[in-house]
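S.K.: Next comes structure20.cif, mmCIF, C-alpha atoms:
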```cif
data_data
#
loop_
_atom_site.group_PDB
_atom_site.id
_atom_site.type_symbol
_atom_site.label_atom_id
_atom_site.label_comp_id
_atom_site.auth_asym_id
_atom_site.auth_seq_id
_atom_site.Cartn_x
_atom_site.Cartn_y
_atom_site.Cartn_z
ATOM 1 C CA MET A 498 121.587 120.801 138.465
ATOM 2 C CA MET A 499 118.827 118.206 138.152
ATOM 3 C CA ASN A 500 116.599 118.034 141.156
ATOM 4 C CA PRO A 501 113.199 116.366 141.132
ATOM 5 C CA LYS A 502 113.180 112.704 140.219
ATOM 6 C CA GLY A 503 112.182 112.045 136.659
ATOM 7 C CA THR A 504 113.196 115.478 135.399
ATOM 8 C CA GLN A 505 115.032 115.157 132.113
ATOM 9 C CA PRO A 506 117.784 117.516 130.899
ATOM 10 C CA GLU A 507 115.538 118.692 128.072
ATOM 11 C CA ASP A 508 112.903 119.755 130.623
ATOM 12 C CA LEU A 509 115.261 122.307 132.158
ATOM 13 C CA VAL A 510 116.094 125.800 131.018
ATOM 14 C CA TRP A 511 119.832 125.856 130.393
ATOM 15 C CA GLU A 512 121.961 128.973 130.333
ATOM 16 C CA CYS A 513 125.261 129.485 128.522
ATOM 17 C CA GLN A 514 127.713 130.349 131.285
ATOM 18 C CA ALA A 515 129.924 132.386 128.975
ATOM 19 C CA CYS A 516 127.182 134.475 127.341
ATOM 20 C CA HIS A 517 124.535 134.443 130.103
ATOM 21 C CA VAL A 518 121.720 133.743 127.654
ATOM 22 C CA ASN A 519 119.334 130.814 127.603
ATOM 23 C CA LEU A 520 120.036 127.942 125.241
ATOM 24 C CA VAL A 521 117.440 127.453 122.514
ATOM 25 C CA GLU A 522 116.558 124.375 120.469
ATOM 26 C CA GLY A 523 117.910 124.595 116.962
ATOM 27 C CA PRO A 524 119.297 122.524 114.090
ATOM 28 C CA VAL A 525 122.772 121.082 114.560
ATOM 29 C CA THR A 526 124.633 119.015 111.979
ATOM 30 C CA LEU A 527 126.336 115.946 113.421
ATOM 31 C CA MET A 528 128.980 114.007 111.521
ATOM 32 C CA TYR A 529 129.918 110.386 112.137
ATOM 33 C CA MET A 530 131.801 107.994 109.864
ATOM 34 C CA GLY A 531 131.428 110.362 106.931
ATOM 35 C CA ASN A 532 127.655 110.671 107.338
ATOM 36 C CA ARG A 533 126.004 113.881 108.389
ATOM 37 C CA ILE A 534 122.621 114.261 109.990
ATOM 38 C CA THR A 535 120.857 117.393 111.131
ATOM 39 C CA VAL A 536 119.008 117.229 114.432
ATOM 40 C CA ASP A 537 117.629 119.700 116.958
ATOM 41 C CA LEU A 538 119.703 120.275 120.110
ATOM 42 C CA PRO A 539 119.878 123.069 122.685
ATOM 43 C CA GLN A 540 122.464 125.678 121.716
ATOM 44 C CA CYS A 541 123.592 129.154 122.650
ATOM 45 C CA PRO A 542 122.172 131.662 120.162
ATOM 46 C CA ARG A 543 125.186 133.895 120.743
ATOM 47 C CA CYS A 544 128.330 131.728 120.727
ATOM 48 C CA GLY A 545 126.907 128.547 119.182
ATOM 49 C CA PHE A 546 127.792 126.278 122.120
ATOM 50 C CA VAL A 547 125.789 123.052 121.807
ATOM 51 C CA LEU A 548 124.615 121.066 124.808
ATOM 52 C CA VAL A 549 124.766 117.292 124.466
ATOM 53 C CA SER A 550 123.453 115.950 127.733
ATOM 54 C CA GLU A 551 124.646 112.650 129.141
ATOM 55 C CA ALA A 552 121.209 111.163 128.487
ATOM 56 C CA VAL A 553 121.385 112.149 124.808
ATOM 57 C CA ALA A 554 125.012 111.035 124.421
ATOM 58 C CA LEU A 555 124.400 107.627 125.951
ATOM 59 C CA GLY A 556 120.912 107.281 124.511
ATOM 60 C CA LYS A 557 119.856 108.285 121.026
ATOM 61 C CA MET A 558 123.286 109.492 119.961
ATOM 62 C CA ALA A 559 124.834 106.125 120.841
ATOM 63 C CA GLU A 560 121.969 104.395 119.015
ATOM 64 C CA VAL A 561 122.592 106.447 115.873
ATOM 65 C CA GLU A 562 126.323 105.723 116.029
ATOM 66 C CA GLN A 563 125.577 102.020 116.304
ATOM 67 C CA ALA A 564 123.139 102.216 113.378
ATOM 68 C CA LEU A 565 125.780 103.904 111.215
ATOM 69 C CA GLU A 566 128.379 101.309 112.222
ATOM 70 C CA ASP A 567 125.962 98.503 111.319
ATOM 71 C CA LYS A 568 124.908 99.939 107.961
ATOM 72 C CA MET B 1330 88.776 100.882 87.535
ATOM 73 C CA THR B 1331 91.675 98.505 87.214
ATOM 74 C CA ALA B 1332 92.808 96.207 89.950
ATOM 75 C CA PHE B 1333 95.782 97.747 91.636
ATOM 76 C CA THR B 1334 98.844 95.704 90.903
ATOM 77 C CA ALA B 1335 101.206 97.504 93.177
ATOM 78 C CA ARG B 1336 101.708 97.424 96.896
ATOM 79 C CA ALA B 1337 100.588 100.730 98.301
ATOM 80 C CA LEU B 1338 102.102 101.921 101.517
ATOM 81 C CA SER B 1339 99.117 101.590 103.809
ATOM 82 C CA HIS B 1340 100.046 104.726 105.668
ATOM 83 C CA VAL B 1341 102.881 107.185 105.870
ATOM 84 C CA PRO B 1342 104.580 106.946 109.252
ATOM 85 C CA HIS B 1343 104.432 110.304 110.940
ATOM 86 C CA VAL B 1344 108.121 110.139 111.734
ATOM 87 C CA LEU B 1345 109.028 109.702 108.056
ATOM 88 C CA ARG B 1346 107.022 112.713 106.972
ATOM 89 C CA GLY B 1347 108.478 114.737 109.820
ATOM 90 C CA ILE B 1348 111.986 114.055 108.514
ATOM 91 C CA THR B 1349 111.564 114.030 104.740
ATOM 92 C CA GLY B 1350 108.763 116.550 104.383
ATOM 93 C CA ASN B 1351 106.489 115.845 101.447
ATOM 94 C CA THR B 1352 109.081 113.892 99.449
ATOM 95 C CA LEU B 1353 108.847 110.798 101.677
ATOM 96 C CA ARG B 1354 112.109 109.397 100.348
ATOM 97 C CA PRO B 1355 115.856 109.418 100.978
ATOM 98 C CA GLY B 1356 117.618 112.521 99.682
ATOM 99 C CA GLY B 1357 114.473 114.624 99.345
ATOM 100 C CA LEU B 1358 114.492 116.593 96.096
ATOM 101 C CA ALA B 1359 118.275 116.401 95.569
ATOM 102 C CA LEU B 1360 118.131 113.495 93.109
ATOM 103 C CA THR B 1361 115.026 114.903 91.424
ATOM 104 C CA GLU B 1362 116.922 118.109 90.692
ATOM 105 C CA ARG B 1363 119.981 116.198 89.509
ATOM 106 C CA ALA B 1364 117.899 114.089 87.143
ATOM 107 C CA ALA B 1365 115.913 117.030 85.790
ATOM 108 C CA ASP B 1366 119.206 118.818 85.040
ATOM 109 C CA TRP B 1367 120.649 115.695 83.411
ATOM 110 C CA CYS B 1368 117.627 115.227 81.161
ATOM 111 C CA ALA B 1369 117.489 118.990 80.501
ATOM 112 C CA PHE B 1370 113.716 119.114 80.657
ATOM 113 C CA GLN B 1371 112.610 122.390 79.118
ATOM 114 C CA PRO B 1372 109.612 124.483 80.156
ATOM 115 C CA GLY B 1373 106.532 122.908 78.646
ATOM 116 C CA ALA B 1374 107.963 119.368 78.656
ATOM 117 C CA ARG B 1375 105.305 116.756 79.255
ATOM 118 C CA VAL B 1376 106.434 114.806 82.313
ATOM 119 C CA LEU B 1377 104.591 112.220 84.384
ATOM 120 C CA ASP B 1378 105.446 111.589 88.040
ATOM 121 C CA ILE B 1379 104.443 108.026 88.827
ATOM 122 C CA GLY B 1380 103.790 107.481 92.509
ATOM 123 C CA CYS B 1381 103.628 111.224 93.073
ATOM 124 C CA GLY B 1382 102.774 110.782 96.750
ATOM 125 C CA LEU B 1383 102.235 114.137 98.399
ATOM 126 C CA GLY B 1384 103.242 116.043 95.258
ATOM 127 C CA ALA B 1385 106.743 117.321 96.130
ATOM 128 C CA THR B 1386 108.312 116.327 92.786
ATOM 129 C CA LEU B 1387 105.241 117.458 90.909
ATOM 130 C CA MET B 1388 105.405 120.897 92.490
ATOM 131 C CA TYR B 1389 109.138 121.122 91.716
ATOM 132 C CA LEU B 1390 108.664 120.126 88.069
ATOM 133 C CA ARG B 1391 105.804 122.543 87.561
ATOM 134 C CA ASP B 1392 106.840 125.561 89.635
ATOM 135 C CA ILE B 1393 110.623 125.487 89.282
ATOM 136 C CA ARG B 1394 111.156 123.779 85.906
ATOM 137 C CA GLY B 1395 108.003 124.970 84.175
ATOM 138 C CA CYS B 1396 107.142 121.470 82.948
ATOM 139 C CA ARG B 1397 103.606 120.451 82.097
ATOM 140 C CA ALA B 1398 103.833 117.782 84.769
ATOM 141 C CA CYS B 1399 101.081 115.471 85.875
ATOM 142 C CA GLY B 1400 101.065 113.105 88.855
ATOM 143 C CA LEU B 1401 99.759 109.610 89.296
ATOM 144 C CA ALA B 1402 99.311 107.511 92.426
ATOM 145 C CA ILE B 1403 97.101 104.742 93.697
ATOM 146 C CA SER B 1404 96.493 106.252 97.117
ATOM 147 C CA ALA B 1405 93.503 108.581 97.112
ATOM 148 C CA GLN B 1406 94.554 109.819 100.523
ATOM 149 C CA MET B 1407 97.902 111.040 99.234
ATOM 150 C CA LEU B 1408 96.424 112.492 96.047
ATOM 151 C CA SER B 1409 94.050 114.550 98.150
ATOM 152 C CA GLU B 1410 97.104 116.453 99.407
ATOM 153 C CA CYS B 1411 98.269 117.405 95.895
ATOM 154 C CA ARG B 1412 95.888 120.338 95.850
ATOM 155 C CA GLY B 1413 95.768 122.466 92.731
ATOM 156 C CA MET B 1414 97.905 120.087 90.673
ATOM 157 C CA PRO B 1415 96.812 117.693 87.930
ATOM 158 C CA VAL B 1416 96.808 114.183 89.358
ATOM 159 C CA LEU B 1417 95.241 110.858 88.451
ATOM 160 C CA GLN B 1418 94.424 107.839 90.536
ATOM 161 C CA ALA B 1419 95.760 104.848 88.632
ATOM 162 C CA ALA B 1420 98.245 101.994 88.854
ATOM 163 C CA GLY B 1421 101.780 102.550 87.607
ATOM 164 C CA ASP B 1422 101.626 99.670 85.151
ATOM 165 C CA ILE B 1423 98.342 100.546 83.418
ATOM 166 C CA LEU B 1424 98.744 104.168 82.411
ATOM 167 C CA PRO B 1425 95.745 106.137 81.151
ATOM 168 C CA PHE B 1426 97.790 107.913 78.442
ATOM 169 C CA TYR B 1427 98.082 107.757 74.667
ATOM 170 C CA ASP B 1428 101.114 106.161 73.031
ATOM 171 C CA LYS B 1429 104.292 108.276 72.734
ATOM 172 C CA CYS B 1430 102.771 111.331 74.396
ATOM 173 C CA LEU B 1431 105.316 112.001 77.162
ATOM 174 C CA ASP B 1432 108.814 113.511 77.197
ATOM 175 C CA GLY B 1433 109.749 111.996 80.514
ATOM 176 C CA ILE B 1434 108.688 109.857 83.449
ATOM 177 C CA PHE B 1435 109.820 110.167 87.053
ATOM 178 C CA CYS B 1436 109.403 107.064 89.171
ATOM 179 C CA GLU B 1437 110.937 107.737 92.559
ATOM 180 C CA CYS B 1438 110.943 105.037 95.221
ATOM 181 C CA VAL B 1439 108.121 103.246 93.402
ATOM 182 C CA VAL B 1440 109.621 100.332 91.427
ATOM 183 C CA SER B 1441 110.374 98.532 94.699
ATOM 184 C CA LEU B 1442 106.646 98.602 95.431
ATOM 185 C CA LEU B 1443 105.607 97.140 92.072
ATOM 186 C CA VAL B 1444 104.717 93.472 91.953
ATOM 187 C CA GLU B 1445 105.928 93.136 88.351
ATOM 188 C CA PRO B 1446 108.389 95.913 87.388
ATOM 189 C CA PRO B 1447 108.936 94.713 83.772
ATOM 190 C CA LYS B 1448 105.229 95.106 83.097
ATOM 191 C CA ALA B 1449 105.427 98.707 84.242
ATOM 192 C CA PHE B 1450 108.595 99.327 82.198
ATOM 193 C CA ARG B 1451 106.855 98.113 79.032
ATOM 194 C CA GLU B 1452 104.006 100.489 79.800
ATOM 195 C CA PHE B 1453 106.472 103.341 80.297
ATOM 196 C CA CYS B 1454 107.892 102.483 76.863
ATOM 197 C CA ARG B 1455 104.482 102.744 75.306
ATOM 198 C CA VAL B 1456 103.683 106.223 76.594
ATOM 199 C CA LEU B 1457 107.134 107.809 76.126
ATOM 200 C CA ARG B 1458 108.062 109.527 72.884
ATOM 201 C CA PRO B 1459 111.107 108.160 71.040
ATOM 202 C CA ALA B 1460 114.238 108.968 73.077
ATOM 203 C CA GLY B 1461 112.024 109.952 76.017
ATOM 204 C CA TRP B 1462 113.549 109.867 79.502
ATOM 205 C CA LEU B 1463 112.899 107.556 82.415
ATOM 206 C CA VAL B 1464 114.190 108.572 85.843
ATOM 207 C CA LEU B 1465 114.226 105.970 88.595
ATOM 208 C CA THR B 1466 115.394 106.318 92.163
ATOM 209 C CA ASP B 1467 114.975 103.433 94.559
ATOM 210 C CA VAL B 1468 116.404 101.115 97.157
ATOM 211 C CA TYR B 1469 118.448 98.176 95.895
ATOM 212 C CA LEU B 1470 120.511 95.413 97.426
ATOM 213 C CA ARG B 1471 124.235 96.104 97.234
ATOM 214 C CA ASN B 1472 125.024 92.508 98.125
ATOM 215 C CA PRO B 1473 122.093 90.450 96.811
ATOM 216 C CA GLN B 1474 124.063 87.185 96.897
ATOM 217 C CA SER B 1475 123.949 87.074 100.682
ATOM 218 C CA GLY B 1476 120.187 86.558 100.668
ATOM 219 C CA ALA B 1477 117.912 89.323 101.758
ATOM 220 C CA GLY B 1478 115.951 87.323 104.283
ATOM 221 C CA ASP B 1479 112.290 87.980 104.649
ATOM 222 C CA LEU B 1480 112.317 91.562 103.496
ATOM 223 C CA ALA B 1481 108.883 90.983 102.012
ATOM 224 C CA ALA B 1482 107.665 91.295 105.586
ATOM 225 C CA SER B 1483 108.727 94.899 105.578
ATOM 226 C CA ALA B 1484 106.083 97.594 105.303
ATOM 227 C CA THR B 1485 108.437 99.753 103.259
ATOM 228 C CA CYS B 1486 110.227 99.906 99.902
ATOM 229 C CA LEU B 1487 112.709 97.406 101.346
ATOM 230 C CA SER B 1488 110.175 94.673 100.587
ATOM 231 C CA GLY B 1489 110.819 95.014 96.856
ATOM 232 C CA ALA B 1490 114.468 96.056 96.872
ATOM 233 C CA SER B 1491 116.061 94.508 93.826
ATOM 234 C CA ASP B 1492 119.433 93.570 92.475
ATOM 235 C CA ASN B 1493 120.942 96.331 90.350
ATOM 236 C CA THR B 1494 122.063 93.888 87.642
ATOM 237 C CA GLU B 1495 118.554 92.456 87.411
ATOM 238 C CA LEU B 1496 116.971 95.913 87.276
ATOM 239 C CA MET B 1497 119.341 97.008 84.495
ATOM 240 C CA LYS B 1498 118.513 93.850 82.552
ATOM 241 C CA HIS B 1499 114.769 94.444 82.908
ATOM 242 C CA LEU B 1500 115.170 98.016 81.671
ATOM 243 C CA ASN B 1501 117.252 96.898 78.701
ATOM 244 C CA ASP B 1502 114.890 94.035 77.811
ATOM 245 C CA CYS B 1503 111.932 96.405 77.958
ATOM 246 C CA GLY B 1504 113.430 98.888 75.505
ATOM 247 C CA PHE B 1505 115.578 101.295 77.541
ATOM 248 C CA ASP B 1506 119.232 102.265 77.403
ATOM 249 C CA VAL B 1507 120.489 103.031 80.877
ATOM 250 C CA ILE B 1508 122.472 106.227 80.367
ATOM 251 C CA LEU B 1509 123.405 106.889 83.976
ATOM 252 C CA TRP B 1510 123.538 104.889 87.174
ATOM 253 C CA GLU B 1511 124.781 106.338 90.448
ATOM 254 C CA ASP B 1512 124.934 105.005 93.969
ATOM 255 C CA HIS B 1513 123.449 107.388 96.536
ATOM 256 C CA SER B 1514 123.288 105.038 99.504
ATOM 257 C CA ARG B 1515 124.471 107.847 101.750
ATOM 258 C CA TYR B 1516 120.952 109.288 101.576
ATOM 259 C CA LEU B 1517 119.422 106.021 102.795
ATOM 260 C CA THR B 1518 121.928 105.755 105.635
ATOM 261 C CA GLU B 1519 121.302 109.326 106.710
ATOM 262 C CA LEU B 1520 117.540 108.858 106.605
ATOM 263 C CA ALA B 1521 117.824 105.713 108.759
ATOM 264 C CA ALA B 1522 120.067 107.593 111.195
ATOM 265 C CA ARG B 1523 117.607 110.463 111.480
ATOM 266 C CA MET B 1524 114.756 108.033 112.050
ATOM 267 C CA VAL B 1525 116.726 106.316 114.830
ATOM 268 C CA TRP B 1526 117.382 109.730 116.367
ATOM 269 C CA THR B 1527 113.740 110.747 116.198
ATOM 270 C CA LEU B 1528 112.371 107.420 117.411
ATOM 271 C CA GLY B 1529 115.090 107.029 120.056
ATOM 272 C CA SER B 1530 116.383 103.538 119.245
ATOM 273 C CA ARG B 1531 117.229 101.084 116.479
ATOM 274 C CA GLU B 1532 114.713 98.652 117.945
ATOM 275 C CA LEU B 1533 111.859 101.097 117.425
ATOM 276 C CA LEU B 1534 112.987 101.641 113.834
ATOM 277 C CA MET B 1535 112.900 97.881 113.229
ATOM 278 C CA GLN B 1536 109.395 97.740 114.679
ATOM 279 C CA LEU B 1537 108.338 100.466 112.264
ATOM 280 C CA LEU B 1538 109.952 98.721 109.289
ATOM 281 C CA PHE B 1539 108.683 95.270 110.259
ATOM 282 C CA PRO B 1540 105.351 95.675 112.040
ATOM 283 C CA GLY B 1541 104.884 91.901 112.110
ATOM 284 C CA GLY B 1542 108.282 91.355 113.732
ATOM 285 C CA CYS B 1543 111.698 90.523 112.344
ATOM 286 C CA SER B 1544 113.735 87.535 113.523
ATOM 287 C CA ALA B 1545 117.384 87.924 114.486
ATOM 288 C CA GLU B 1546 118.290 85.810 111.449
ATOM 289 C CA ASN B 1547 116.362 88.068 109.079
ATOM 290 C CA LYS B 1548 117.898 91.126 110.654
ATOM 291 C CA GLN B 1549 121.338 89.649 110.022
ATOM 292 C CA ASN B 1550 120.407 88.748 106.441
ATOM 293 C CA MET B 1551 119.159 92.248 105.806
ATOM 294 C CA GLN B 1552 122.425 93.742 107.010
ATOM 295 C CA GLY B 1553 124.303 91.259 104.829
ATOM 296 C CA ALA B 1554 122.296 92.239 101.748
ATOM 297 C CA SER B 1555 123.248 95.837 102.500
ATOM 298 C CA PRO B 1556 120.306 97.912 101.207
ATOM 299 C CA GLY B 1557 121.487 100.918 99.230
ATOM 300 C CA TYR B 1558 119.897 103.689 97.211
ATOM 301 C CA GLY B 1559 120.423 104.437 93.545
ATOM 302 C CA LEU B 1560 119.588 106.758 90.666
ATOM 303 C CA TRP B 1561 118.995 105.350 87.177
ATOM 304 C CA ILE B 1562 118.423 107.534 84.119
ATOM 305 C CA ALA B 1563 117.376 105.618 81.041
ATOM 306 C CA ARG B 1564 116.356 106.627 77.557
ATOM 307 C CA LEU B 1565 113.938 104.929 75.241
ATOM 308 C CA LYS B 1566 115.814 103.123 72.496
ATOM 309 C CA GLY B 1567 115.237 104.222 68.937
ATOM 310 C CA PRO B 1568 113.356 102.082 66.413
ATOM 311 C CA LYS B 1569 115.217 99.020 65.124
ATOM 312 C CA ARG B 1570 116.631 99.423 61.629
#
```
Produce structure tokens that represent the structure in this file.

M.R.:
Amino acid sequence: MMNPKGTQPEDLVWECQACHVNLVEGPVTLMYMGNRITVDLPQCPRCGFVLVSEAVALGKMAEVEQALEDK
Amino acid sequence: MTAFTARALSHVPHVLRGITGNTLRPGGLALTERAADWCAFQPGARVLDIGCGLGATLMYLRDIRGCRACGLAISAQMLSECRGMPVLQAAGDILPFYDKCLDGIFCECVVSLLVEPPKAFREFCRVLRPAGWLVLTDVYLRNPQSGAGDLAASATCLSGASDNTELMKHLNDCGFDVILWEDHSRYLTELAARMVWTLGSRELLMQLLFPGGCSAENKQNMQGASPGYGLWIARLKGPKR
């Protein structure tokens, strides 16, 4: 849960509910329209679950999708 | 000291280096490796890397392929990072080498920065041995007819992106047979996408590419011209009979 104003998802320590271990930043390969890019996102070191926060999905991820559509 | 006749990138954006490492170009070393395999450079081959930048290709050619590779660039700042490797500060179109002394030349993401590419190609001809190899990778316009807009305002290789047909003609006129041409635009697209991700928005990428600003019309023209990325491998033609 986000509490103080201005706190961003990446500022929080997230825990994988299934594995009970903290998520860690690591490389993740994203694919869109046949293009693949590798970026760092929080993920579970045990099960590989990747967290894409709403801010990331609607922010830089949407921007990248638009850039690839405009290419 | 000769007058530099190429546009030097005034600085390497931190974000670009963060993404590409020391190669500073789309695709990293992938096309370098492909070209070196294609040309079958043997250990001891004399190869020149023009526009060697931070020395990534030079290190690959020397340490992995065993070539007697030498680098050349006009930026003293970049050359200072090629520690322990033989490098020269010179322009790409006035090479401080004897005639016919090289087995191959790599010129990656450099032709688009040259003011007069044919002049450089003629110089490459002079220093290559008969049937010597020329490897080019660079941005080009996939749809040059649409008009590229004011790409000259760009602070990147986009400013000199050429038409593939024109580039092939220049190479042929200057004494080369183009043996292989491949489109690798995927690398350019993926680099742009990673830069957008790192910077956070397309707008910030445009500001980086066009520090002086880019009008909506030019932006549209640039998209219409569809910048792509290519690999050209050419061989010096034999003597006329």

S.K.: Kindly assemble as JSON lines a list of the chain A residues that lie within 7 Å of chain B, each paired with its nearest atom pair and their distance in Å to one decimal, using only C-alpha atoms, sorted first by chain and then by ascending residue number.

M.R.:
```
{"residue": "A:Asn532", "atom": "CA", "partner": "B:Glu1519", "partner_atom": "CA", "distance": 6.5}
{"residue": "A:Arg533", "atom": "CA", "partner": "B:Glu1519", "partner_atom": "CA", "distance": 6.8}
{"residue": "A:Ile534", "atom": "CA", "partner": "B:Glu1519", "partner_atom": "CA", "distance": 6.1}
{"residue": "A:Lys557", "atom": "CA", "partner": "B:Gly1529", "partner_atom": "CA", "distance": 5.0}
{"residue": "A:Met558", "atom": "CA", "partner": "B:Trp1526", "partner_atom": "CA", "distance": 6.9}
{"residue": "A:Glu560", "atom": "CA", "partner": "B:Ser1530", "partner_atom": "CA", "distance": 5.7}
{"residue": "A:Val561", "atom": "CA", "partner": "B:Ala1522", "partner_atom": "CA", "distance": 5.4}
{"residue": "A:Ala564", "atom": "CA", "partner": "B:Ala1522", "partner_atom": "CA", "distance": 6.6}
{"residue": "A:Leu565", "atom": "CA", "partner": "B:Ala1522", "partner_atom": "CA", "distance": 6.8}
{"residue": "A:Lys568", "atom": "CA", "partner": "B:Gln1552", "partner_atom": "CA", "distance": 6.7}
```

S.K.: Check the smallest atom-to-atom distance from each of B:Ala1405, B:Gly1350, B:Tyr1427, B:Glu1437 to Arg1455 in chain B using only C-alpha atoms, then report the winner.

M.R.: B:Tyr1427

S.K.: Would you mind reading off the distance between CA of Thr526 in chain A and CA of Val553 in chain A, one decimal, in Å?

M.R.: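 We find that CA of Thr526 in chain A and CA of Val553 in chain A lie 14.9 Å from each other.
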
S.K.: Point out the residue among B:Gly1382, B:Pro1372, B:Pro1446, B:Gly1504 with the least atom-to-atom distance to Thr1352 in chain B, counting only C-alpha atoms.

M.R.: B:Gly1382

S.K.: Extract, using all atoms listed in the file, all DNA, RNA and protein residues at most 10 Å from Phe1505 in chain B, discarding same-chain residues fewer than 5 positions from it, and format them as a list in words.

M.R.: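 Residues near the query, excluding close chain neighbours: Phe1450, Arg1451, Phe1453, Cys1454, Ala1460, Gly1461, Trp1462, Leu1463, Met1497, Lys1498, His1499, Leu1500, Ile1562, Ala1563, Arg1564, Leu1565, Lys1566 and Gly1567 of chain B.
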
S.K.: Compile the contact shell of Leu548 in chain A as a JSON list (two decimals) with C-alpha atoms, keeping the file's coordinate frame: residues with an atom at most 8 Å away, counting all atoms listed in the file, same-chain residues fewer than 3 positions apart removed.

M.R.:
```json
[["chain", "number", "residue", "atom", "x", "y", "z"],
["A", 538, "LEU", "CA", 119.70, 120.28, 120.11],
["A", 539, "PRO", "CA", 119.88, 123.07, 122.68],
["A", 540, "GLN", "CA", 122.46, 125.68, 121.72]]
```

S.K.: Kindly resolve the PyMOL selection byres ((chain A and resi 519) around 12) on the present coordinates and return the residues as a ChimeraX atom specification.

M.R.: /A:509-518,520-522,539-548

S.K.: Between CA of Glu1511 in chain B and CA of Thr1466 in chain B, what distance in Å does the model show, to one decimal?

M.R.: 9.5 Å

S.K.: By how many Å are CA of Asp1467 in chain B and CA of Asn1550 in chain B apart?

M.R.: 19.7 Å

S.K.: With distances taken over only C-alpha atoms, which residue among B:Gly1373, B:Gly1559, B:Pro1447, B:Gly1357 lies nearest Val1468 in chain B?

M.R.: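 Going through B:Gly1373, B:Gly1559, B:Pro1447, B:Gly1357 one by one, the smallest distance to Val1468 in chain B is for B:Gly1559.
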
S.K.: With 6 Å of padding per side, what axis-aligned box (centre and edge lengths, Å, one decimal) covers all the listed atoms of range 1378-1389 of chain B? Give it as lines of an AutoDock Vina configuration file.

M.R.:
```
center_x = 105.7
center_y = 114.3
center_z = 93.2
size_x = 18.9
size_y = 25.6
size_z = 22.4
```

S.K.: Translate the PyMOL selection byres ((chain B and resi 1436) around 12), as applied to the file shown, into an explicit residue set as a PyMOL selection string.

M.R.: chain B and resi 1354+1360-1361+1364+1376-1382+1386-1387+1400-1402+1421-1422+1433-1435+1437-1443+1446+1449-1450+1453+1462-1467+1560-1563

S.K.: With C-alpha atoms retained, write the just-selected residues as a PDB file, in the coordinates of the input.

M.R.:
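Just written: result04.pdb:
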```pdb
ATOM      1  CA  ARG B1354     112.109 109.397 100.348  1.00  0.00           C
ATOM      2  CA  LEU B1360     118.131 113.495  93.109  1.00  0.00           C
ATOM      3  CA  THR B1361     115.026 114.903  91.424  1.00  0.00           C
ATOM      4  CA  ALA B1364     117.899 114.089  87.143  1.00  0.00           C
ATOM      5  CA  VAL B1376     106.434 114.806  82.313  1.00  0.00           C
ATOM      6  CA  LEU B1377     104.591 112.220  84.384  1.00  0.00           C
ATOM      7  CA  ASP B1378     105.446 111.589  88.040  1.00  0.00           C
ATOM      8  CA  ILE B1379     104.443 108.026  88.827  1.00  0.00           C
ATOM      9  CA  GLY B1380     103.790 107.481  92.509  1.00  0.00           C
ATOM     10  CA  CYS B1381     103.628 111.224  93.073  1.00  0.00           C
ATOM     11  CA  GLY B1382     102.774 110.782  96.750  1.00  0.00           C
ATOM     12  CA  THR B1386     108.312 116.327  92.786  1.00  0.00           C
ATOM     13  CA  LEU B1387     105.241 117.458  90.909  1.00  0.00           C
ATOM     14  CA  GLY B1400     101.065 113.105  88.855  1.00  0.00           C
ATOM     15  CA  LEU B1401      99.759 109.610  89.296  1.00  0.00           C
ATOM     16  CA  ALA B1402      99.311 107.511  92.426  1.00  0.00           C
ATOM     17  CA  GLY B1421     101.780 102.550  87.607  1.00  0.00           C
ATOM     18  CA  ASP B1422     101.626  99.670  85.151  1.00  0.00           C
ATOM     19  CA  GLY B1433     109.749 111.996  80.514  1.00  0.00           C
ATOM     20  CA  ILE B1434     108.688 109.857  83.449  1.00  0.00           C
ATOM     21  CA  PHE B1435     109.820 110.167  87.053  1.00  0.00           C
ATOM     22  CA  GLU B1437     110.937 107.737  92.559  1.00  0.00           C
ATOM     23  CA  CYS B1438     110.943 105.037  95.221  1.00  0.00           C
ATOM     24  CA  VAL B1439     108.121 103.246  93.402  1.00  0.00           C
ATOM     25  CA  VAL B1440     109.621 100.332  91.427  1.00  0.00           C
ATOM     26  CA  SER B1441     110.374  98.532  94.699  1.00  0.00           C
ATOM     27  CA  LEU B1442     106.646  98.602  95.431  1.00  0.00           C
ATOM     28  CA  LEU B1443     105.607  97.140  92.072  1.00  0.00           C
ATOM     29  CA  PRO B1446     108.389  95.913  87.388  1.00  0.00           C
ATOM     30  CA  ALA B1449     105.427  98.707  84.242  1.00  0.00           C
ATOM     31  CA  PHE B1450     108.595  99.327  82.198  1.00  0.00           C
ATOM     32  CA  PHE B1453     106.472 103.341  80.297  1.00  0.00           C
ATOM     33  CA  TRP B1462     113.549 109.867  79.502  1.00  0.00           C
ATOM     34  CA  LEU B1463     112.899 107.556  82.415  1.00  0.00           C
ATOM     35  CA  VAL B1464     114.190 108.572  85.843  1.00  0.00           C
ATOM     36  CA  LEU B1465     114.226 105.970  88.595  1.00  0.00           C
ATOM     37  CA  THR B1466     115.394 106.318  92.163  1.00  0.00           C
ATOM     38  CA  ASP B1467     114.975 103.433  94.559  1.00  0.00           C
ATOM     39  CA  LEU B1560     119.588 106.758  90.666  1.00  0.00           C
ATOM     40  CA  TRP B1561     118.995 105.350  87.177  1.00  0.00           C
ATOM     41  CA  ILE B1562     118.423 107.534  84.119  1.00  0.00           C
ATOM     42  CA  ALA B1563     117.376 105.618  81.041  1.00  0.00           C
TER      43      ALA B1563
END
```
